[in-house]
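Asks: Sharing work-v3.cif (mmCIF, C-alpha atoms and all ligand atoms) below.
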data_target
loop_
_atom_site.label_atom_id
_atom_site.label_comp_id
_atom_site.auth_asym_id
_atom_site.auth_seq_id
_atom_site.Cartn_x
_atom_site.Cartn_y
_atom_site.Cartn_z
CA MET O 70 129.37 127.04 103.23
CA THR O 71 133.00 126.27 103.93
CA GLU O 72 135.06 123.83 101.83
CA THR O 73 135.08 121.27 104.65
CA ALA O 74 131.31 121.44 105.17
CA ARG O 75 130.58 120.42 101.59
CA SER O 76 129.41 116.90 100.78
CA PRO O 77 130.96 115.33 97.62
CA GLU O 78 127.73 116.10 95.69
CA GLU O 79 127.72 119.71 96.87
CA LEU O 80 131.37 120.05 95.95
CA ALA O 81 130.68 118.61 92.47
CA ALA O 82 127.83 121.10 92.01
CA TYR O 83 130.01 123.97 93.20
CA LEU O 84 132.81 122.99 90.81
CA ALA O 85 130.24 122.71 87.99
CA SER O 86 129.15 126.29 88.71
CA LEU O 87 132.75 127.40 88.19
CA ASP O 88 132.60 126.15 84.57
CA CYS O 89 130.43 129.14 83.63
CA VAL O 90 132.50 131.69 81.72
CA HIS O 91 129.62 134.23 81.55
CA CYS O 92 129.54 134.13 77.73
CA GLY O 93 125.75 134.50 77.64
CA LEU O 94 125.22 132.04 74.78
CA CYS O 95 122.54 130.28 76.82
CA ILE O 96 120.45 133.35 77.47
CA GLU O 97 118.27 133.41 74.37
CA HIS O 98 117.44 129.73 74.90
CA CYS O 99 115.97 130.34 78.34
CA PRO O 100 112.15 130.44 78.36
CA THR O 101 111.96 132.41 81.61
CA TYR O 102 114.37 135.05 80.30
CA ARG O 103 112.28 135.37 77.13
CA GLN O 104 109.34 136.28 79.35
CA LEU O 105 110.96 138.27 82.14
CA GLY O 106 114.00 139.77 80.41
CA ARG O 107 116.11 140.18 83.53
CA GLU O 108 119.58 138.82 84.22
CA SER O 109 118.57 136.99 87.39
CA ALA O 110 115.97 135.04 85.39
CA ASN O 111 118.46 133.60 82.93
CA PRO O 112 120.96 130.72 83.27
CA ARG O 113 124.05 132.92 83.61
CA GLY O 114 122.42 135.02 86.32
CA ARG O 115 121.14 131.94 88.13
CA VAL O 116 124.55 130.25 88.10
CA TYR O 117 126.00 133.46 89.50
CA LEU O 118 123.37 133.55 92.25
CA MET O 119 123.78 129.88 93.13
CA ARG O 120 127.56 130.20 93.32
CA ALA O 121 127.27 133.30 95.48
CA VAL O 122 124.93 131.43 97.86
CA MET O 123 127.30 128.44 97.98
CA GLU O 124 130.23 130.73 98.71
CA GLU O 125 128.11 132.50 101.35
CA ARG O 126 128.71 135.83 99.65
CA ILE O 127 124.96 136.47 99.62
CA GLU O 128 122.07 135.34 101.78
CA PRO O 129 119.32 133.23 100.19
CA THR O 130 116.80 136.04 100.58
CA PRO O 131 113.19 135.56 99.38
CA ASP O 132 114.09 137.46 96.17
CA VAL O 133 117.02 135.15 95.45
CA ILE O 134 114.91 132.07 96.16
CA GLU O 135 112.17 133.36 93.90
CA ASP O 136 114.59 133.84 91.00
CA LEU O 137 115.80 130.28 91.48
CA ASP O 138 112.27 128.92 91.89
CA LEU O 139 111.24 130.55 88.63
CA CYS O 140 113.67 128.26 86.79
CA LEU O 141 111.87 125.46 84.93
CA VAL O 142 114.96 123.20 85.10
CA CYS O 143 114.21 122.56 81.44
CA ARG O 144 117.99 122.35 80.86
CA ALA O 145 117.81 124.13 77.49
CA CYS O 146 120.77 126.12 78.81
CA GLU O 147 122.81 122.89 79.04
CA SER O 148 122.25 122.15 75.35
CA ALA O 149 123.35 125.69 74.45
CA CYS O 150 126.33 125.97 76.80
CA PRO O 151 129.75 125.63 75.14
CA SER O 152 131.42 125.20 78.55
CA GLY O 153 129.27 122.21 79.48
CA VAL O 154 127.92 123.73 82.68
CA ALA O 155 125.87 120.98 84.38
CA PHE O 156 123.10 123.41 85.23
CA GLY O 157 120.59 120.74 86.31
CA GLU O 158 123.03 119.32 88.84
CA VAL O 159 123.85 122.74 90.30
CA MET O 160 120.16 123.61 90.59
CA ALA O 161 119.25 120.24 92.15
CA GLN O 162 121.85 120.68 94.89
CA THR O 163 120.86 124.29 95.49
CA ARG O 164 117.16 123.46 95.77
CA ASP O 165 117.94 120.58 98.09
CA LYS O 166 119.65 123.04 100.41
CA LEU O 167 117.15 125.89 100.20
CA LYS O 168 113.73 124.38 99.58
CA LYS O 169 111.12 124.60 102.31
CA ARG O 170 108.05 122.38 101.97
CA GLY O 171 104.69 122.83 103.62
CA ARG O 172 102.32 120.05 104.67
CA ILE O 173 100.22 120.02 101.47
CA ARG O 174 103.32 119.84 99.33
CA ARG O 175 104.78 117.00 101.38
CA TRP O 176 101.47 115.14 101.09
CA MET O 177 101.39 115.68 97.32
CA MET O 178 104.95 114.51 96.75
CA GLY O 179 104.42 111.58 99.14
CA ALA O 180 101.35 110.47 97.15
CA LEU O 181 103.56 109.87 94.10
CA LEU O 182 105.38 107.17 96.04
CA ASP O 183 102.27 105.23 96.95
CA ARG O 184 100.24 103.81 94.10
CA LYS O 185 97.27 102.99 96.35
CA ARG O 186 97.12 106.59 97.55
CA LEU O 187 97.48 107.85 93.99
CA ASN O 188 94.63 105.62 92.87
CA ARG O 189 92.39 106.73 95.73
CA THR O 190 93.07 110.37 94.82
CA ALA O 191 92.35 109.58 91.17
CA THR O 192 89.04 107.96 92.14
CA LEU O 193 88.03 111.08 94.11
CA MET O 194 89.04 113.30 91.18
CA ARG O 195 87.00 111.14 88.82
CA LEU O 196 83.97 111.40 91.12
CA TRP O 197 84.35 115.18 91.17
CA GLN O 198 84.76 115.34 87.38
CA ARG O 199 81.70 113.18 86.74
CA SER O 200 79.42 114.60 89.41
CA GLY O 201 77.26 117.66 88.99
CA LEU O 202 79.47 119.37 91.59
CA ARG O 203 81.85 120.43 88.86
CA VAL O 204 79.54 123.33 87.98
CA LEU O 205 80.84 124.87 91.20
CA ARG O 206 84.43 124.96 89.99
CA HIS O 207 84.27 128.72 89.48
CA LEU O 208 84.13 128.94 93.28
CA LEU O 209 87.60 127.41 93.58
CA TRP O 210 90.48 129.80 94.07
CA GLY O 211 94.24 130.07 93.57
CA ARG O 212 96.21 126.92 92.93
CA LEU O 213 93.22 124.69 93.55
CA LYS O 214 91.41 126.32 90.65
CA HIS O 215 94.46 125.96 88.41
CA MET O 216 94.95 122.32 89.42
CA GLU O 217 91.33 121.52 88.66
CA ALA O 218 91.54 123.02 85.18
CA TYR O 219 94.84 121.32 84.45
CA MET O 220 93.80 117.82 85.56
CA PRO O 221 92.93 115.63 82.57
CA THR O 222 89.83 113.46 82.58
CA VAL O 223 90.70 110.70 85.04
CA PRO O 224 90.26 107.27 83.44
CA ALA O 225 87.97 104.63 84.97
CA ALA O 226 89.49 102.24 87.53
CA ASP O 227 89.39 99.41 85.00
CA THR O 228 91.59 101.38 82.59
CA ARG O 229 94.03 102.15 85.42
CA ARG O 230 94.61 98.47 86.29
CA PRO O 231 98.31 97.51 86.42
CA LEU O 232 100.08 96.22 83.33
CA PRO O 233 100.70 92.46 83.22
CA PRO O 234 104.14 91.61 84.62
CA HIS O 235 105.12 89.98 81.37
CA ALA O 236 103.98 90.11 77.73
CA PRO O 237 105.36 87.90 74.96
CA ALA O 238 106.81 89.12 71.68
CA ILE O 239 104.48 89.00 68.69
CA GLY O 240 106.07 86.83 66.02
CA GLU O 241 109.65 85.69 66.29
CA GLN O 242 111.29 87.08 69.42
CA ARG O 243 114.30 89.30 68.87
CA GLY O 244 115.00 90.45 72.41
CA GLN O 245 113.77 91.37 75.89
CA VAL O 246 113.03 94.75 77.37
CA ALA O 247 111.59 96.11 80.61
CA LEU O 248 109.07 98.91 80.91
CA LEU O 249 108.68 101.53 83.64
CA GLU O 250 105.00 102.02 84.45
CA GLY O 251 105.60 105.27 86.33
CA CYS O 252 103.48 106.97 88.98
CA VAL O 253 101.48 109.61 87.09
CA MET O 254 101.69 107.53 83.90
CA SER O 255 100.19 104.46 85.57
CA VAL O 256 97.21 106.37 86.92
CA LEU O 257 96.42 108.97 84.25
CA PHE O 258 98.04 107.51 81.15
CA GLN O 259 97.92 103.74 81.50
CA ASP O 260 96.53 103.69 77.93
CA VAL O 261 99.89 105.12 76.77
CA ASN O 262 101.69 102.39 78.73
CA ARG O 263 99.55 99.72 77.06
CA ASP O 264 100.23 101.21 73.61
CA THR O 265 103.95 101.30 74.39
CA MET O 266 103.87 97.66 75.43
CA HIS O 267 101.97 96.68 72.27
CA LEU O 268 104.42 98.54 70.01
CA LEU O 269 107.35 96.77 71.69
CA GLN O 270 105.67 93.36 71.36
CA THR O 271 104.90 94.05 67.70
CA ALA O 272 108.52 95.05 67.15
CA GLY O 273 109.45 91.53 68.36
CA TYR O 274 110.30 92.15 72.02
CA GLU O 275 109.25 90.27 75.11
CA VAL O 276 108.26 92.92 77.65
CA PHE O 277 108.76 92.70 81.42
CA VAL O 278 107.15 95.04 83.92
CA PRO O 279 109.24 94.42 87.07
CA GLN O 280 106.89 94.28 90.04
CA GLY O 281 109.19 95.96 92.56
CA GLN O 282 109.52 99.14 90.48
CA GLU O 283 108.51 102.47 91.99
CA CYS O 284 108.16 106.14 91.12
CA CYS O 285 111.51 107.23 89.61
CA GLY O 286 111.88 110.24 91.93
CA ALA O 287 112.29 112.79 89.10
CA LEU O 288 109.62 115.10 90.51
CA HIS O 289 111.25 114.90 93.95
CA GLU O 290 114.60 115.90 92.47
CA HIS O 291 112.90 118.75 90.66
CA ASP O 292 111.40 119.77 93.97
CA GLY O 293 114.79 119.73 95.70
CA ASP O 294 114.31 116.51 97.67
CA LEU O 295 117.43 114.62 96.69
CA GLU O 296 117.22 112.12 99.53
CA THR O 297 113.91 110.74 98.23
CA ALA O 298 115.06 110.97 94.59
CA HIS O 299 118.19 108.94 95.30
CA ARG O 300 116.29 106.37 97.36
CA GLN O 301 113.82 105.85 94.49
CA LEU O 302 116.68 105.39 92.02
CA ASP O 303 118.26 102.76 94.30
CA ARG O 304 114.97 100.85 94.56
CA ASN O 305 114.46 100.90 90.81
CA ARG O 306 118.03 99.80 90.17
CA GLU O 307 117.25 96.72 92.24
CA ALA O 308 113.82 96.14 90.68
CA PHE O 309 115.12 96.29 87.11
CA ALA O 310 117.93 93.80 87.66
CA VAL O 311 116.32 91.29 85.28
CA ASP O 312 118.68 88.93 83.44
CA GLY O 313 119.09 89.36 79.69
CA LEU O 314 117.47 92.77 79.22
CA ASP O 315 118.38 94.64 76.03
CA ALA O 316 116.98 97.88 77.40
CA ILE O 317 114.78 99.56 79.97
CA VAL O 318 112.30 101.43 77.82
CA MET O 319 110.78 104.71 78.96
CA ASN O 320 107.79 106.62 77.65
CA SER O 321 108.02 109.54 80.05
CA SER O 322 110.97 111.78 79.36
CA GLY O 323 111.23 113.07 82.94
CA CYS O 324 111.51 109.50 84.26
CA GLY O 325 113.93 108.65 81.43
CA ALA O 326 116.20 111.53 82.37
CA ALA O 327 116.19 110.44 86.03
CA LEU O 328 116.90 106.77 85.38
CA SER O 329 119.50 107.43 82.68
CA SER O 330 121.39 109.69 85.10
CA THR O 331 122.32 106.66 87.18
CA ASP O 332 123.89 103.27 86.65
CA MET O 333 120.91 101.02 85.79
CA PRO O 334 121.28 97.26 85.06
CA ALA O 335 120.50 97.82 81.33
CA PRO O 336 120.61 100.84 79.00
CA VAL O 337 117.75 103.29 79.61
CA VAL O 338 116.22 104.22 76.25
CA ASP O 339 113.24 106.34 75.31
CA ILE O 340 110.57 104.56 73.27
CA SER O 341 111.20 106.98 70.37
CA ARG O 342 114.88 106.05 70.08
CA PHE O 343 114.25 102.36 70.76
CA LEU O 344 111.67 102.00 67.99
CA ALA O 345 113.64 104.21 65.59
CA ASP O 346 116.54 101.75 66.00
CA HIS O 347 114.68 98.45 66.45
CA GLY O 348 111.19 98.97 65.06
CA GLU O 349 111.79 97.70 61.50
CA ARG O 350 108.84 95.32 61.82
CA LEU O 351 106.37 98.11 62.52
CA ALA O 352 104.28 99.02 59.49
CA PHE O 353 101.97 102.00 59.56
CA SER O 354 98.83 102.96 57.67
CA PRO O 355 98.68 106.37 55.94
CA PHE O 356 97.90 109.56 57.85
CA THR O 357 97.05 112.63 55.85
CA GLN O 358 96.57 115.44 58.37
CA PRO O 359 99.42 117.80 59.30
CA VAL O 360 101.31 116.77 62.45
CA ALA O 361 103.61 118.91 64.62
CA TYR O 362 106.11 117.53 67.10
CA ASP O 363 106.96 119.18 70.40
CA ALA O 364 110.13 117.92 72.08
CA PRO O 365 109.89 117.25 75.82
CA CYS O 366 112.79 119.08 77.52
CA HIS O 367 113.98 116.06 79.46
CA LEU O 368 114.18 114.05 76.26
CA HIS O 369 115.72 116.74 74.08
CA HIS O 370 118.00 118.57 76.49
CA ALA O 371 118.58 116.14 79.37
CA GLN O 372 118.82 112.88 77.38
CA ARG O 373 119.92 114.59 74.14
CA GLU O 374 117.53 112.42 72.14
CA THR O 375 116.61 114.79 69.35
CA THR O 376 115.66 112.73 66.28
CA GLY O 377 113.92 109.42 67.17
CA ALA O 378 110.34 110.72 67.20
CA GLN O 379 110.75 112.54 63.89
CA GLN O 380 112.30 109.45 62.28
CA LEU O 381 109.33 107.33 63.36
CA LEU O 382 106.75 109.89 62.24
CA GLY O 383 108.59 110.04 58.90
CA ARG O 384 107.82 106.35 58.45
CA VAL O 385 104.05 106.92 58.46
CA PRO O 386 102.96 107.07 54.81
CA GLY O 387 101.59 110.45 53.72
CA LEU O 388 102.33 112.13 57.07
CA GLU O 389 103.28 115.78 56.75
CA LEU O 390 105.44 116.81 59.70
CA VAL O 391 104.92 120.56 59.85
CA PRO O 392 107.58 122.79 61.45
CA MET O 393 106.59 124.50 64.68
CA ASP O 394 108.54 127.44 66.13
CA LEU O 395 109.91 126.89 69.64
CA TRP O 396 109.40 123.12 69.28
CA ASP O 397 112.47 122.53 71.46
CA HIS O 398 111.45 125.06 74.14
CA CYS O 399 109.70 124.11 77.38
CA CYS O 400 105.88 124.19 77.32
CA GLY O 401 105.81 125.41 80.93
CA ALA O 402 104.74 122.10 82.50
CA ALA O 403 108.16 121.31 84.02
CA GLY O 404 107.24 118.85 86.76
CA ILE O 405 104.83 120.72 89.01
CA TYR O 406 106.05 124.15 87.87
CA ASN O 407 102.68 124.90 86.28
CA LEU O 408 101.09 124.47 89.71
CA ASP O 409 103.83 126.40 91.54
CA GLN O 410 104.14 129.23 89.04
CA PRO O 411 100.83 129.29 87.17
CA GLU O 412 101.24 132.84 85.88
CA LEU O 413 104.65 132.41 84.24
CA SER O 414 103.87 128.86 83.14
CA GLY O 415 100.76 130.21 81.40
CA ARG O 416 102.76 132.92 79.61
CA ILE O 417 105.30 130.35 78.41
CA LEU O 418 102.50 128.07 77.20
CA ASP O 419 100.78 130.98 75.43
CA GLU O 420 103.86 131.58 73.28
CA LYS O 421 103.91 127.88 72.40
CA LEU O 422 100.18 127.86 71.61
CA ASP O 423 100.73 130.77 69.21
CA ALA O 424 103.43 128.69 67.51
CA LEU O 425 101.11 125.68 67.35
CA GLU O 426 98.38 127.77 65.72
CA ARG O 427 100.84 129.16 63.16
CA SER O 428 102.02 125.64 62.30
CA GLY O 429 98.56 124.63 61.07
CA ALA O 430 98.89 121.20 62.69
CA ALA O 431 95.79 119.09 63.31
CA VAL O 432 97.71 116.79 65.67
CA LEU O 433 100.45 117.62 68.13
CA VAL O 434 102.70 114.73 69.16
CA THR O 435 104.84 114.83 72.29
CA GLY O 436 106.29 112.34 74.79
CA ASN O 437 105.82 113.17 78.44
CA PRO O 438 102.79 113.11 80.79
CA GLY O 439 103.34 116.65 82.09
CA CYS O 440 103.59 118.02 78.55
CA LEU O 441 100.42 116.13 77.53
CA MET O 442 98.47 117.65 80.42
CA GLN O 443 99.84 121.15 79.87
CA TRP O 444 99.21 121.14 76.12
CA ARG O 445 95.74 119.60 76.44
CA ALA O 446 94.70 122.19 79.04
CA GLY O 447 96.04 125.02 76.83
CA VAL O 448 94.46 123.71 73.62
CA ALA O 449 91.10 123.26 75.38
CA GLU O 450 91.23 126.73 76.91
CA ARG O 451 91.95 128.30 73.52
CA GLY O 452 89.36 126.13 71.79
CA LEU O 453 91.82 124.86 69.18
CA ALA O 454 90.87 121.91 66.96
CA VAL O 455 94.16 120.12 67.66
CA GLU O 456 94.49 116.64 69.09
CA VAL O 457 97.41 116.27 71.53
CA LEU O 458 98.82 112.74 71.60
CA HIS O 459 101.72 110.83 73.05
CA LEU O 460 103.97 109.42 70.33
CA ALA O 461 103.13 105.85 71.44
CA THR O 462 99.39 106.52 71.18
CA PHE O 463 99.77 107.98 67.72
CA LEU O 464 101.98 105.17 66.41
CA ALA O 465 99.88 102.39 67.96
CA ALA O 466 96.74 103.81 66.32
CA GLN O 467 98.54 103.88 62.95
CA LEU O 468 99.82 100.29 63.19
CA ASP O 469 98.92 98.27 60.13
CA SER O 470 97.22 95.28 61.66
S1 LIG R 1 116.93 125.33 83.10
FE1 LIG R 1 115.60 126.32 81.57
S2 LIG R 1 114.51 127.95 82.74
FE2 LIG R 1 116.26 127.28 84.01
S3 LIG R 1 117.89 128.71 83.50
FE3 LIG R 1 118.17 126.92 82.13
S4 LIG R 1 117.05 127.45 80.26
FE4 LIG R 1 116.36 128.89 81.87
S1 LIG R 2 126.38 129.42 78.01
FE1 LIG R 2 127.30 128.32 79.75
S2 LIG R 2 129.21 129.40 80.15
FE2 LIG R 2 127.99 130.76 78.87
S3 LIG R 2 126.87 132.03 80.36
FE3 LIG R 2 125.54 130.30 79.88
S4 LIG R 2 125.98 128.82 81.51
FE4 LIG R 2 127.68 130.30 81.51
#
Represent the structure of the file as structure tokens.
Ligand code: SF4
Ligand code: SF4
Replies:
Amino acid sequence: MTETARSPEELAAYLASLDCVHCGLCIEHCPTYRQLGRESANPRGRVYLMRAVMEERIEPTPDVIEDLDLCLVCRACESACPSGVAFGEVMAQTRDKLKKRGRIRRWMMGALLDRKRLNRTATLMRLWQRSGLRVLRHLLWGRLKHMEAYMPTVPAADTRRPLPPHAPAIGEQRGQVALLEGCVMSVLFQDVNRDTMHLLQTAGYEVFVPQGQECCGALHEHDGDLETAHRQLDRNREAFAVDGLDAIVMNSSGCGAALSSTDMPAPVVDISRFLADHGERLAFSPFTQPVAYDAPCHLHHAQRETTGAQQLLGRVPGLELVPMDLWDHCCGAAGIYNLDQPELSGRILDEKLDALERSGAAVLVTGNPGCLMQWRAGVAERGLAVEVLHLATFLAAQLDS
């Protein structure tokens, strides 16, 4: 690519790649390097490859593309990098240029943009899960088999119904917030959305669910489709232009990272940080079993929110927050990485499951739909007696009523 052929975004990504000074301080933080141990599977090697492709010094051969595809885009390297290399931005631009998508993939990513289509797919999945046909799942193969095992129990249609557009504060009102319902969240984890709304109301906030909101586009960016990702951000910017909002509250860290990367009409804040700062009215009943916390990458590394969840858990009387090794490393979910790269995703999850077992936790708390699905599938497969919960679910259940 010549200088003149570069768009401003491509140029910004290219310049960001030049910030790498090859120090290698990121390497040990990279989950794929921990598994594969080769230079081209670590951040420094990937930046080198991406720059070489941008400078047209090398061809994007299948081997090069594979090394780039194996990246989780967990952005742990960004947290570790002393030069501030914007790795996520460089990778997003590179994938946008190189990614080829087949029909099934286009259908899958398109479904995220259409709630009716998502709901119809969920209904079919639920029928499959509840019918006797599931005994035939051993006949599935490849990705289909992996997808089937990974899919959580799909909730009934009644549980998936949309959130009300508005919910009043409980007690004296202290502010107004808006909530993103999300695509996957609204279909598979609407219970988490309802708990989030209830926590915000109890904290004294009037909650709006803007009706024009759409999928945030984070998974499309991850998949290298920047046109769709940017269009979704524009639509949400318009939808969330509600007067008087104190914050746009997120309970999915991937969506939070996407929306906070752009200029939204109000500050974009994860539920953990929002309640840690504004949840004084929340009172919790005691919890006596050991709890571990696993940080979602796009909360910890992309949004740099590293303490809110622990502060809130620390407010639950009697709760023992047990340390877990690798708690700030990716669990291998990473958007649809676990479907694209099931083998490596499984190895990454295995290391995390070992850490969970060593921690002795009875409950694992996290904050992202992909992480919930990945952890639940792994815990079930290993037969561990550990409940995996979203932070909002855990806190709402502990609310002193
Ligand atoms: S984003 Fe994650 S997987 Fe990719 S290079 Fe950085 S640390 Fe490694
Ligand atoms: S830590 Fe940053 S500067 Fe050092 S090798 Fe990694 S990406 Fe490059």
Asks: Write out as a list in words each polymer residue (protein, DNA or RNA) that has an atom no more than 9 Å from ligand LIG 2 (chain R), with only C-alpha atoms and all ligand atoms counted.
Replies: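 These are the residues that qualify: Ser86, Leu87, Asp88, Cys89, Val90, His91, Cys92, Gly93, Leu94, Cys95, Ile96, Asn111, Pro112, Arg113, Gly114, Arg115, Val116, Tyr117, Cys146, Glu147, Ser148, Ala149, Cys150, Pro151, Ser152, Gly153, Val154, Ala155 and Phe156 of chain O.
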Asks: For C-alpha atoms, I'd like the residues from the last selection saved as a compact mmCIF listing (two decimals), keeping the file's coordinate frame.
Replies:
# COMPACT_ATOMS: atom_id res chain seq x y z
CA SER O 86 129.15 126.29 88.71
CA LEU O 87 132.75 127.40 88.19
CA ASP O 88 132.60 126.15 84.57
CA CYS O 89 130.43 129.14 83.63
CA VAL O 90 132.50 131.69 81.72
CA HIS O 91 129.62 134.23 81.55
CA CYS O 92 129.54 134.13 77.73
CA GLY O 93 125.75 134.50 77.64
CA LEU O 94 125.22 132.04 74.78
CA CYS O 95 122.54 130.28 76.82
CA ILE O 96 120.45 133.35 77.47
CA ASN O 111 118.46 133.60 82.93
CA PRO O 112 120.96 130.72 83.27
CA ARG O 113 124.05 132.92 83.61
CA GLY O 114 122.42 135.02 86.32
CA ARG O 115 121.14 131.94 88.13
CA VAL O 116 124.55 130.25 88.10
CA TYR O 117 126.00 133.46 89.50
CA CYS O 146 120.77 126.12 78.81
CA GLU O 147 122.81 122.89 79.04
CA SER O 148 122.25 122.15 75.35
CA ALA O 149 123.35 125.69 74.45
CA CYS O 150 126.33 125.97 76.80
CA PRO O 151 129.75 125.63 75.14
CA SER O 152 131.42 125.20 78.55
CA GLY O 153 129.27 122.21 79.48
CA VAL O 154 127.92 123.73 82.68
CA ALA O 155 125.87 120.98 84.38
CA PHE O 156 123.10 123.41 85.23
Asks: Excluding Ile317 in chain O and its own-chain neighbours fewer than 4 positions away, which residues fall within 9 Å of it when counting only C-alpha atoms? Please give them as a PDB file with C-alpha atoms, keeping the file's coordinate frame.
Replies:
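The resulting file, selection.pdb, is shown below:
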ATOM      1  CA  VAL O 246     113.030  94.750  77.370  1.00  0.00           C
ATOM      2  CA  ALA O 247     111.590  96.110  80.610  1.00  0.00           C
ATOM      3  CA  LEU O 248     109.070  98.910  80.910  1.00  0.00           C
ATOM      4  CA  LEU O 249     108.680 101.530  83.640  1.00  0.00           C
ATOM      5  CA  PHE O 309     115.120  96.290  87.110  1.00  0.00           C
ATOM      6  CA  MET O 333     120.910 101.020  85.790  1.00  0.00           C
ATOM      7  CA  PRO O 334     121.280  97.260  85.060  1.00  0.00           C
ATOM      8  CA  ALA O 335     120.500  97.820  81.330  1.00  0.00           C
ATOM      9  CA  PRO O 336     120.610 100.840  79.000  1.00  0.00           C
ATOM     10  CA  VAL O 337     117.750 103.290  79.610  1.00  0.00           C
ATOM     11  CA  VAL O 338     116.220 104.220  76.250  1.00  0.00           C
ATOM     12  CA  ASP O 339     113.240 106.340  75.310  1.00  0.00           C
TER      13      ASP O 339
END
Asks: Can you tell me, as a list in words, what residues are no more than 8 Å from Gly387 in chain O when counting only C-alpha atoms, ignoring any on the same chain fewer than 4 positions away?
Replies: Pro355, Phe356 and Thr357 of chain O
Asks: Give me the residues near Leu390 in chain O as a count of residues only, where near means some atom within 12 Å (using all atoms listed in the file) and where sequence neighbours in that chain fewer than 5 positions away do not count.
Replies: 23
Asks: When you draw a straight line from CA of Glu241 in chain O to CA of Gln259 in chain O, how long is it in Å?
Replies: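 So the two atoms, CA of Glu241 in chain O and CA of Gln259 in chain O, lie 26.4 Å apart.
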Asks: Any idea what the distance is between CA of Val142 in chain O and CA of Gly106 in chain O?
Replies: 17.2 Å
Asks: CA of Arg199 in chain O and CA of Arg174 in chain O are how many Å apart?
Replies: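 Distance between the two atoms: 25.9 Å.
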Asks: Go through O:Glu124, O:Asp423, O:Glu374, O:Glu97 and flag the residue nearest Leu80 in chain O, using only C-alpha atoms for the distances.
Replies: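 Checking each of O:Glu124, O:Asp423, O:Glu374, O:Glu97 against Leu80 in chain O, counting only C-alpha atoms, the winner is O:Glu124.
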